[in-house]
$ cat protein_11.txt   # compact mmCIF, C-alpha atoms
# COMPACT_ATOMS: atom_id res chain seq x y z
CA MET T 27 -25.80 -42.46 22.12
CA MET T 28 -23.03 -39.92 22.55
CA ASN T 29 -23.04 -39.21 18.82
CA ASP T 30 -26.79 -38.68 18.85
CA GLU T 31 -26.44 -36.24 21.69
CA THR T 32 -23.73 -34.37 19.83
CA GLU T 33 -25.77 -34.31 16.65
CA ASN T 34 -28.81 -33.02 18.50
CA PHE T 35 -26.77 -30.34 20.12
CA GLU T 36 -25.28 -29.34 16.75
CA GLN T 37 -28.76 -29.24 15.23
CA LYS T 38 -29.97 -27.05 18.06
CA LEU T 39 -27.12 -24.64 17.50
CA ARG T 40 -27.61 -24.59 13.72
CA ARG T 41 -31.23 -23.58 14.17
CA GLN T 42 -30.25 -20.37 15.95
CA SER T 43 -30.69 -17.73 13.30
CA LEU T 44 -27.99 -15.13 12.94
CA ARG T 45 -28.33 -11.36 13.08
CA GLN T 46 -28.93 -9.61 9.80
CA ILE T 47 -26.43 -7.11 8.47
CA PRO T 48 -27.69 -3.52 9.00
CA GLY T 49 -29.32 -2.34 5.77
CA GLY T 50 -27.62 1.07 5.80
CA TRP T 51 -24.17 -0.44 5.53
CA ARG T 52 -24.63 -1.50 1.92
CA ALA T 53 -24.74 2.03 0.51
CA GLU T 54 -21.94 3.28 2.76
CA ILE T 55 -19.59 0.41 2.00
CA LEU T 56 -20.29 0.45 -1.74
CA VAL T 57 -19.70 4.22 -1.87
CA ALA T 58 -16.37 3.77 -0.06
CA ALA T 59 -15.42 0.96 -2.45
CA GLY T 60 -16.49 3.07 -5.46
CA GLU T 61 -14.33 6.01 -4.35
CA ASN T 62 -11.38 3.73 -4.04
CA ARG T 63 -12.06 2.25 -7.45
CA ARG T 64 -11.94 5.76 -8.98
CA LYS T 65 -8.67 6.55 -7.22
CA THR T 66 -7.25 3.26 -8.41
CA ARG T 67 -8.24 4.09 -11.99
CA GLU T 68 -6.44 7.46 -11.77
CA PHE T 69 -3.45 5.77 -10.28
CA SER T 70 -3.51 3.07 -12.91
CA PHE T 71 -2.71 5.70 -15.61
CA ALA T 72 0.54 6.50 -13.83
CA ALA T 73 1.12 2.79 -13.41
CA ALA T 74 0.58 2.26 -17.14
CA VAL T 75 3.17 4.95 -17.96
CA ALA T 76 5.61 3.37 -15.51
CA SER T 77 4.92 -0.03 -17.03
CA GLY T 78 5.57 1.32 -20.54
CA LEU T 79 8.88 2.80 -19.45
CA ARG T 80 9.77 -0.46 -17.79
CA GLN T 81 9.06 -2.34 -21.00
CA ILE T 82 11.39 0.00 -22.90
CA PHE T 83 14.21 -0.13 -20.40
CA TRP T 84 13.94 -3.64 -19.08
CA PRO T 85 15.15 -5.66 -22.10
CA ALA T 86 18.75 -4.33 -21.76
CA PRO T 87 19.16 -2.67 -18.38
CA ALA T 88 22.96 -2.92 -18.49
CA ALA T 89 23.12 -1.12 -21.84
CA TRP T 90 20.84 1.67 -20.59
CA ALA T 91 22.82 1.95 -17.39
CA GLY T 92 26.07 2.20 -19.40
CA LEU T 93 24.58 4.88 -21.60
CA ALA T 94 23.43 6.77 -18.54
CA VAL T 95 26.95 6.61 -17.07
CA VAL T 96 28.43 7.98 -20.32
CA TRP T 97 25.97 10.86 -20.33
CA ILE T 98 26.67 11.61 -16.69
CA PHE T 99 30.39 11.68 -17.49
CA ILE T 100 29.83 14.04 -20.44
CA PHE T 101 27.74 16.39 -18.33
CA ALA T 102 30.25 16.33 -15.51
CA LEU T 103 33.07 17.12 -17.91
CA ASN T 104 31.07 19.89 -19.50
CA PHE T 105 30.27 21.48 -16.16
CA SER T 106 33.83 21.22 -14.90
CA ILE T 107 35.17 23.01 -18.03
CA ARG T 108 32.52 25.67 -17.83
CA ASP T 109 33.31 26.31 -14.21
CA LYS T 110 37.04 26.92 -14.77
CA THR T 111 36.73 29.48 -17.60
CA PRO T 112 35.43 32.42 -15.58
CA GLN T 113 37.94 31.69 -12.84
CA VAL T 114 40.84 32.13 -15.27
CA ALA T 115 39.33 35.34 -16.61
CA GLU T 116 38.91 36.68 -13.15
CA LYS T 117 42.55 36.01 -12.27
CA VAL T 118 43.99 38.01 -15.21
CA SER T 119 44.65 41.54 -13.93
CA PRO T 120 44.88 44.51 -16.32
CA PRO T 121 48.51 45.39 -17.32
CA SER T 122 50.19 48.15 -15.37
CA PRO T 123 51.01 51.55 -17.07
CA GLU T 124 54.74 50.69 -17.00
CA VAL T 125 54.09 47.51 -18.96
CA ILE T 126 51.97 49.42 -21.46
CA ALA T 127 54.70 52.05 -21.93
CA GLU T 128 57.35 49.35 -22.35
CA LEU T 129 55.23 47.52 -24.92
CA ARG T 130 54.63 50.77 -26.83
CA GLN T 131 58.36 51.48 -26.89
CA GLN T 132 59.19 47.99 -28.11
CA LYS T 133 56.60 48.31 -30.82
CA LEU T 134 58.09 51.61 -31.96
CA LEU T 135 61.61 50.18 -31.97
CA PHE T 136 60.49 47.21 -33.97
CA ALA T 137 58.78 49.46 -36.46
CA GLN T 138 61.91 51.54 -36.86
CA LEU T 139 64.03 48.45 -37.40
CA ILE T 140 61.88 47.06 -40.17
CA GLY T 141 61.16 50.52 -41.55
CA SER T 142 57.51 49.95 -41.86
CA SER T 143 54.88 52.58 -42.09
CA ASP T 144 53.74 51.56 -38.73
CA ALA T 145 56.55 53.53 -37.21
CA ARG T 146 55.38 56.71 -38.86
CA GLU T 147 51.92 56.00 -37.79
CA ALA T 148 53.13 55.20 -34.38
CA GLU T 149 55.10 58.48 -34.04
CA PRO T 150 55.29 61.47 -36.32
CA PRO T 151 58.86 62.22 -37.72
CA LYS T 152 60.79 64.67 -35.70
CA PHE T 153 62.68 67.64 -37.22
CA PHE T 154 66.34 67.74 -36.38
CA PRO T 155 68.08 71.03 -37.49
CA ARG T 156 71.38 70.38 -39.28
CA PRO T 157 74.37 72.70 -39.98
CA ARG T 158 74.30 74.59 -43.35
CA THR T 159 77.46 72.87 -44.64
CA GLU T 160 75.83 69.54 -44.44
CA ARG T 161 72.82 70.87 -46.32
CA VAL T 162 75.06 72.10 -49.18
CA GLU T 163 76.76 68.68 -49.45
CA ILE T 164 73.45 67.04 -49.79
CA LEU T 165 72.35 69.39 -52.56
CA ALA T 166 75.66 68.87 -54.43
CA ALA T 167 75.28 65.13 -54.31
CA MET J 26 -11.05 -4.06 -12.52
CA PRO J 27 -14.31 -5.11 -10.86
CA ARG J 28 -17.10 -2.92 -12.16
CA ALA J 29 -19.48 -1.24 -9.71
CA THR J 30 -22.07 -3.89 -10.49
CA GLU J 31 -19.55 -6.64 -9.79
CA ILE J 32 -18.79 -5.18 -6.36
CA GLU J 33 -22.52 -4.94 -5.72
CA ARG J 34 -22.95 -8.57 -6.70
CA LEU J 35 -20.16 -9.61 -4.37
CA TYR J 36 -21.69 -7.57 -1.58
CA ASP J 37 -25.18 -8.99 -2.06
CA LYS J 38 -23.89 -12.53 -2.20
CA HIS J 39 -21.29 -12.51 0.56
CA ALA J 40 -21.75 -9.55 2.90
CA GLN J 41 -24.24 -11.29 5.22
CA PRO J 42 -22.10 -14.36 6.00
CA LEU J 43 -18.99 -12.21 6.25
CA PHE J 44 -20.82 -9.91 8.65
CA ALA J 45 -21.83 -12.82 10.92
CA PHE J 46 -18.33 -14.32 10.81
CA LEU J 47 -16.66 -11.01 11.59
CA LEU J 48 -19.13 -10.11 14.32
CA ASN J 49 -18.52 -13.49 15.95
CA PHE J 50 -14.80 -12.86 15.71
CA THR J 51 -14.59 -9.22 16.79
CA ARG J 52 -17.68 -9.02 19.03
CA ASP J 53 -17.87 -5.38 18.06
CA GLU J 54 -20.27 -3.93 15.52
CA ALA J 55 -18.11 -0.90 14.65
CA ASP J 56 -15.04 -3.08 14.13
CA THR J 57 -17.11 -5.46 12.03
CA ARG J 58 -18.27 -2.63 9.82
CA ASP J 59 -14.72 -1.32 9.42
CA LEU J 60 -13.42 -4.76 8.48
CA LEU J 61 -16.24 -5.40 6.05
CA GLN J 62 -15.56 -2.06 4.37
CA GLU J 63 -11.85 -2.85 4.29
CA ILE J 64 -12.58 -6.08 2.44
CA PHE J 65 -14.79 -4.47 -0.20
CA VAL J 66 -12.41 -1.55 -0.65
CA LYS J 67 -9.64 -4.10 -1.19
CA LEU J 68 -11.76 -5.89 -3.78
CA ALA J 69 -12.36 -2.60 -5.60
CA ARG J 70 -8.73 -1.56 -5.41
CA GLU J 71 -7.17 -4.84 -6.44
CA PRO J 72 -8.97 -5.82 -9.61
CA LYS J 73 -7.33 -9.19 -10.10
CA LEU J 74 -7.79 -10.42 -6.56
CA LEU J 75 -10.55 -12.84 -7.46
CA ASP J 76 -9.02 -13.99 -10.75
CA GLY J 77 -8.62 -17.75 -10.72
CA VAL J 78 -10.34 -18.14 -7.36
CA ARG J 79 -12.40 -21.34 -7.25
CA GLU J 80 -14.47 -20.64 -4.17
CA GLU J 81 -15.29 -16.98 -3.72
CA ARG J 82 -16.82 -17.55 -0.29
CA ALA J 83 -13.81 -19.41 1.07
CA PHE J 84 -11.47 -16.77 -0.35
CA LEU J 85 -13.46 -13.90 1.16
CA ILE J 86 -13.65 -15.67 4.52
CA ARG J 87 -9.89 -15.98 4.41
CA LEU J 88 -9.58 -12.25 3.75
CA ALA J 89 -12.01 -11.55 6.59
CA HIS J 90 -10.20 -13.90 8.93
CA ASN J 91 -6.81 -12.33 8.25
CA ALA J 92 -8.23 -8.83 8.65
CA ALA J 93 -9.93 -9.81 11.92
CA ILE J 94 -6.73 -11.34 13.31
CA ASP J 95 -4.83 -8.16 12.46
CA LEU J 96 -7.49 -6.11 14.19
CA ILE J 97 -7.51 -8.30 17.30
CA ARG J 98 -3.72 -8.08 17.52
CA ARG J 99 -3.91 -4.30 17.28
CA ARG J 100 -6.78 -4.20 19.74
CA GLY J 101 -5.07 -6.64 22.09
CA THR J 102 -2.26 -4.19 22.59
CA ARG J 103 -4.72 -1.38 22.99
CA GLU J 104 -7.44 -1.85 25.51
CA ARG J 105 -9.14 -5.22 25.64
CA THR J 106 -8.43 -8.28 27.68
CA LYS J 107 -9.77 -11.74 27.06
CA GLU J 108 -11.99 -11.47 30.13
CA ASN J 109 -13.93 -8.40 29.10
CA PHE J 110 -13.92 -9.65 25.50
CA ALA J 111 -15.83 -12.78 26.58
CA ALA J 112 -18.08 -10.85 28.91
CA GLU J 113 -19.39 -8.61 26.16
CA THR J 114 -23.07 -9.09 25.61
CA ILE J 115 -23.08 -8.38 21.87
CA SER J 116 -24.72 -11.28 20.13
CA ILE J 117 -24.33 -12.64 16.66
CA PHE J 118 -27.85 -14.07 16.89
CA ALA J 119 -31.13 -12.55 15.85
CA PRO J 120 -33.46 -11.68 18.74
CA ALA J 121 -35.64 -14.65 19.71
CA ASN J 122 -39.37 -14.35 20.27
CA ASP J 123 -39.77 -16.64 23.28
CA PRO J 124 -37.97 -16.00 26.60
CA ASP J 125 -36.34 -19.46 26.68
CA GLY J 126 -34.99 -19.06 23.20
CA LYS J 127 -33.77 -15.57 24.02
CA PHE J 128 -31.99 -16.83 27.14
CA PHE J 129 -30.43 -19.74 25.25
CA ARG J 130 -29.08 -17.41 22.56
CA GLU J 131 -27.62 -15.09 25.16
CA GLU J 132 -25.90 -17.99 26.89
CA LEU J 133 -24.74 -19.37 23.58
CA ALA J 134 -23.26 -15.99 22.63
CA ILE J 135 -21.35 -15.92 25.91
CA ALA J 136 -20.17 -19.53 25.45
CA LEU J 137 -18.95 -18.67 21.95
CA GLY J 138 -17.16 -15.59 23.27
CA GLU J 139 -15.29 -17.75 25.76
CA LEU J 140 -13.82 -19.94 23.03
CA PRO J 141 -10.34 -19.16 21.74
CA ASP J 142 -10.42 -17.24 18.44
CA GLU J 143 -9.25 -20.18 16.35
CA GLN J 144 -11.91 -22.55 17.75
CA ARG J 145 -14.64 -19.94 17.45
CA ALA J 146 -13.82 -19.37 13.79
CA VAL J 147 -14.03 -23.09 12.97
CA VAL J 148 -17.22 -23.60 15.00
CA HIS J 149 -18.86 -20.65 13.26
CA LEU J 150 -17.95 -21.80 9.77
CA LYS J 151 -19.03 -25.37 10.45
CA LEU J 152 -22.31 -24.63 12.19
CA TRP J 153 -23.61 -21.48 10.54
CA GLU J 154 -21.88 -21.51 7.16
CA GLY J 155 -22.20 -25.25 6.67
CA LEU J 156 -18.65 -25.58 5.34
CA THR J 157 -16.86 -28.92 5.32
CA PHE J 158 -13.60 -29.32 7.21
CA GLU J 159 -11.75 -29.19 3.88
CA GLU J 160 -13.40 -25.90 2.99
CA ILE J 161 -12.72 -24.52 6.47
CA ALA J 162 -9.11 -25.64 6.18
CA GLU J 163 -8.79 -23.82 2.86
CA ALA J 164 -10.43 -20.67 4.18
CA LEU J 165 -8.38 -20.49 7.36
CA GLU J 166 -5.19 -21.87 5.85
CA ILE J 167 -4.90 -24.75 8.29
CA PRO J 168 -4.81 -28.55 7.79
CA PRO J 169 -8.25 -30.25 7.69
CA ASN J 170 -7.37 -32.37 10.75
CA THR J 171 -6.61 -29.22 12.72
CA ALA J 172 -9.95 -27.76 11.64
CA ALA J 173 -11.73 -30.92 12.80
CA SER J 174 -9.99 -31.06 16.16
CA ARG J 175 -10.60 -27.36 16.80
CA TYR J 176 -14.26 -27.89 16.04
CA ARG J 177 -14.57 -30.81 18.45
CA TYR J 178 -12.76 -28.98 21.24
CA GLY J 179 -14.91 -25.92 20.73
CA LEU J 180 -18.15 -27.86 20.55
CA ASP J 181 -17.31 -29.86 23.69
CA LYS J 182 -16.58 -26.70 25.62
CA MET J 183 -19.86 -25.13 24.56
CA ARG J 184 -21.82 -28.28 25.30
CA GLY J 185 -20.24 -28.49 28.77
CA ARG J 186 -21.20 -24.92 29.47
CA LEU J 187 -24.70 -25.10 28.01
CA ARG J 188 -25.57 -28.64 29.09
CA PRO J 189 -27.79 -27.77 32.07
CA LEU J 190 -29.74 -25.24 30.06
CA TYR J 191 -29.91 -27.52 27.04
CA GLU J 192 -31.14 -30.47 29.12
CA GLU J 193 -33.78 -28.31 30.72
CA MET J 194 -35.00 -27.07 27.37
CA LYS J 195 -35.08 -30.64 26.01
CA LYS J 196 -37.25 -31.77 28.92
CA ALA J 197 -39.59 -28.86 28.37
CA GLU J 198 -39.93 -29.81 24.69

$ encode --input "protein_11.txt" --output "structure tokens"
Amino acid sequence: MMNDETENFEQKLRRQSLRQIPGGWRAEILVAAGENRRKTREFSFAAAVASGLRQIFWPAPAAWAGLAVVWIFIFALNFSIRDKTPQVAEKVSPPSPEVIAELRQQKLLFAQLIGSSDAREAEPPKFFPRPRTERVEILAA
Amino acid sequence: MPRATEIERLYDKHAQPLFAFLLNFTRDEADTRDLLQEIFVKLAREPKLLDGVREERAFLIRLAHNAAIDLIRRRGTRERTKENFAAETISIFAPANDPDGKFFREELAIALGELPDEQRAVVHLKLWEGLTFEEIAEALEIPPNTAASRYRYGLDKMRGRLRPLYEEMKKAE
């Protein structure tokens, strides 16, 4: 009796027809879905590239990571060396005139000691007047 | 990736029942439209979503159910209370021709609106989608026994509320 009543009630409810979906929604929803499909396709190119890279790198991630560390070390070393060079150059000040004069004198002295032609080039020979007696001795010899 | 024609096929086959289910759940036509669009956009965006799915309808109802729950949670914190939710006059039923039938559908819509979400979902799928408790359980991700008990609770509540009207209509018939 109770079951019959329940079944009748269920049947009554089932017979109530439902509202129909508004017809205009179809086009709007399919257009929205289509736009998204296009965006997904564009995105999927980037995803394919990423996937390709993953396939290359994934088999040995530790090896690639090690290689990356080595390269980073090389670059760091390279940059640190490059950075120091101009600093050294900047610190060297031009020699003072006294130092230049001293160096020139030492060079001349050295040239005189070894008797090289550099000395003559460095300084033309000077004329020292001698007494006549000395000149005669030289001629006699 | 689902081709445009595949999305159209899915729409033509499943949009109507999804619409009724979502409208019964949300009681709001604009929300129903948004959710329906969300589902089809998801289908277009995620090409492999339906791969290996045995029952398309059950799977899509699950998507709709999850989307509707998310929406109701968001909406619950926003503006609506259960009282004004139940009091809404929006009906999931087609307009009836006779006054008695029209009145019964209005009352039925209100009685459905007063049910808790989980009972309303089961009652809808059982009565107007003709799903078995196993299929409902699969769609809503609940045990079949839970689906059956929710249905009985829901149906009893509606029968209690509609009994006087139902009895009157039966006598008139």

$ closest_residue --input "protein_11.txt" --among "J:Asn91, J:Asn122, J:Gln62, J:Asn49" --to "chain T" --atoms "only C-alpha atoms"
J:Gln62

$ interface_residues --input "protein_11.txt" --of "chain T" --to "chain J" --cutoff "8 Å" --atoms "only C-alpha atoms" --output "list in words"
Phe35, Glu36, Leu39, Arg40, Gln42, Ser43, Leu44, Arg45, Gln46, Ile47, Trp51, Arg52, Ile55, Leu56, Ala58, Ala59, Gly60, Asn62, Arg63 and Thr66 of chain T

$ closest_residue --input "protein_11.txt" --among "J:Arg79, J:Arg52, J:Arg34, J:Arg87" --to "Glu139 of chain J" --atoms "only C-alpha atoms"
J:Arg52

$ atom_distance --input "protein_11.txt" --atom1 "atom CA of Ile167 of chain J" --atom2 "atom CA of Asn34 of chain T"
27.3 Å

$ atom_distance --input "protein_11.txt" --atom1 "atom CA of Gly179 of chain J" --atom2 "atom CA of Ala93 of chain J"
19.0 Å

$ atom_distance --input "protein_11.txt" --atom1 "atom CA of Glu80 of chain J" --atom2 "atom CA of Thr57 of chain J"
22.4 Å

$ decode --input "protein_11.txt" --residues "segment 77-105 of chain J" --atoms "N, CA and C atoms" --output "tab-separated table (two decimals), in the first residue's frame"
chain	number	residue	atom	x	y	z
J	77	GLY	N	38.73	7.13	-22.43
J	77	GLY	CA	38.56	6.03	-21.49
J	77	GLY	C	37.34	6.14	-20.59
J	78	VAL	N	36.49	7.14	-20.87
J	78	VAL	CA	35.29	7.30	-20.04
J	78	VAL	C	34.20	6.35	-20.57
J	79	ARG	N	33.65	5.55	-19.66
J	79	ARG	CA	32.63	4.57	-20.08
J	79	ARG	C	31.29	5.25	-20.32
J	80	GLU	N	30.87	6.03	-19.33
J	80	GLU	CA	29.57	6.68	-19.42
J	80	GLU	C	29.76	8.19	-19.51
J	81	GLU	N	29.61	8.70	-20.72
J	81	GLU	CA	29.78	10.14	-20.93
J	81	GLU	C	28.85	10.95	-20.04
J	82	ARG	N	27.58	10.51	-19.99
J	82	ARG	CA	26.58	11.28	-19.24
J	82	ARG	C	26.95	11.37	-17.76
J	83	ALA	N	27.31	10.23	-17.19
J	83	ALA	CA	27.66	10.21	-15.77
J	83	ALA	C	28.88	11.09	-15.51
J	84	PHE	N	29.85	11.02	-16.44
J	84	PHE	CA	31.07	11.82	-16.29
J	84	PHE	C	30.75	13.31	-16.36
J	85	LEU	N	29.90	13.68	-17.31
J	85	LEU	CA	29.56	15.10	-17.48
J	85	LEU	C	28.72	15.60	-16.31
J	86	ILE	N	27.88	14.73	-15.77
J	86	ILE	CA	27.09	15.13	-14.59
J	86	ILE	C	28.03	15.35	-13.40
J	87	ARG	N	29.05	14.53	-13.32
J	87	ARG	CA	30.03	14.72	-12.25
J	87	ARG	C	30.73	16.07	-12.38
J	88	LEU	N	31.12	16.38	-13.62
J	88	LEU	CA	31.75	17.69	-13.87
J	88	LEU	C	30.80	18.81	-13.47
J	89	ALA	N	29.53	18.67	-13.89
J	89	ALA	CA	28.53	19.70	-13.60
J	89	ALA	C	28.30	19.83	-12.10
J	90	HIS	N	28.24	18.69	-11.45
J	90	HIS	CA	28.00	18.68	-10.00
J	90	HIS	C	29.13	19.38	-9.26
J	91	ASN	N	30.36	19.04	-9.63
J	91	ASN	CA	31.52	19.68	-8.97
J	91	ASN	C	31.54	21.18	-9.23
J	92	ALA	N	31.25	21.56	-10.47
J	92	ALA	CA	31.24	22.99	-10.82
J	92	ALA	C	30.14	23.71	-10.04
J	93	ALA	N	28.98	23.07	-9.92
J	93	ALA	CA	27.86	23.69	-9.20
J	93	ALA	C	28.17	23.83	-7.71
J	94	ILE	N	28.82	22.84	-7.15
J	94	ILE	CA	29.18	22.92	-5.72
J	94	ILE	C	30.17	24.07	-5.49
J	95	ASP	N	31.14	24.18	-6.40
J	95	ASP	CA	32.10	25.29	-6.29
J	95	ASP	C	31.37	26.63	-6.34
J	96	LEU	N	30.44	26.71	-7.28
J	96	LEU	CA	29.70	27.97	-7.44
J	96	LEU	C	28.88	28.28	-6.19
J	97	ILE	N	28.21	27.27	-5.65
J	97	ILE	CA	27.36	27.50	-4.48
J	97	ILE	C	28.21	27.89	-3.27
J	98	ARG	N	29.39	27.32	-3.17
J	98	ARG	CA	30.31	27.71	-2.08
J	98	ARG	C	30.70	29.18	-2.23
J	99	ARG	N	31.05	29.54	-3.48
J	99	ARG	CA	31.43	30.94	-3.72
J	99	ARG	C	30.24	31.86	-3.44
J	100	ARG	N	29.08	31.42	-3.92
J	100	ARG	CA	27.88	32.24	-3.78
J	100	ARG	C	27.44	32.30	-2.32
J	101	GLY	N	27.64	31.21	-1.61
J	101	GLY	CA	27.24	31.16	-0.20
J	101	GLY	C	27.95	32.21	0.61
J	102	THR	N	29.20	32.46	0.26
J	102	THR	CA	29.94	33.49	0.99
J	102	THR	C	29.59	34.88	0.50
J	103	ARG	N	28.94	34.91	-0.63
J	103	ARG	CA	28.63	36.21	-1.24
J	103	ARG	C	27.31	36.78	-0.70
J	104	GLU	N	26.24	36.33	-1.28
J	104	GLU	CA	25.00	37.04	-0.96
J	104	GLU	C	23.84	36.17	-0.48
J	105	ARG	N	23.82	34.89	-0.91
J	105	ARG	CA	22.57	34.17	-0.71
J	105	ARG	C	22.51	33.36	0.58
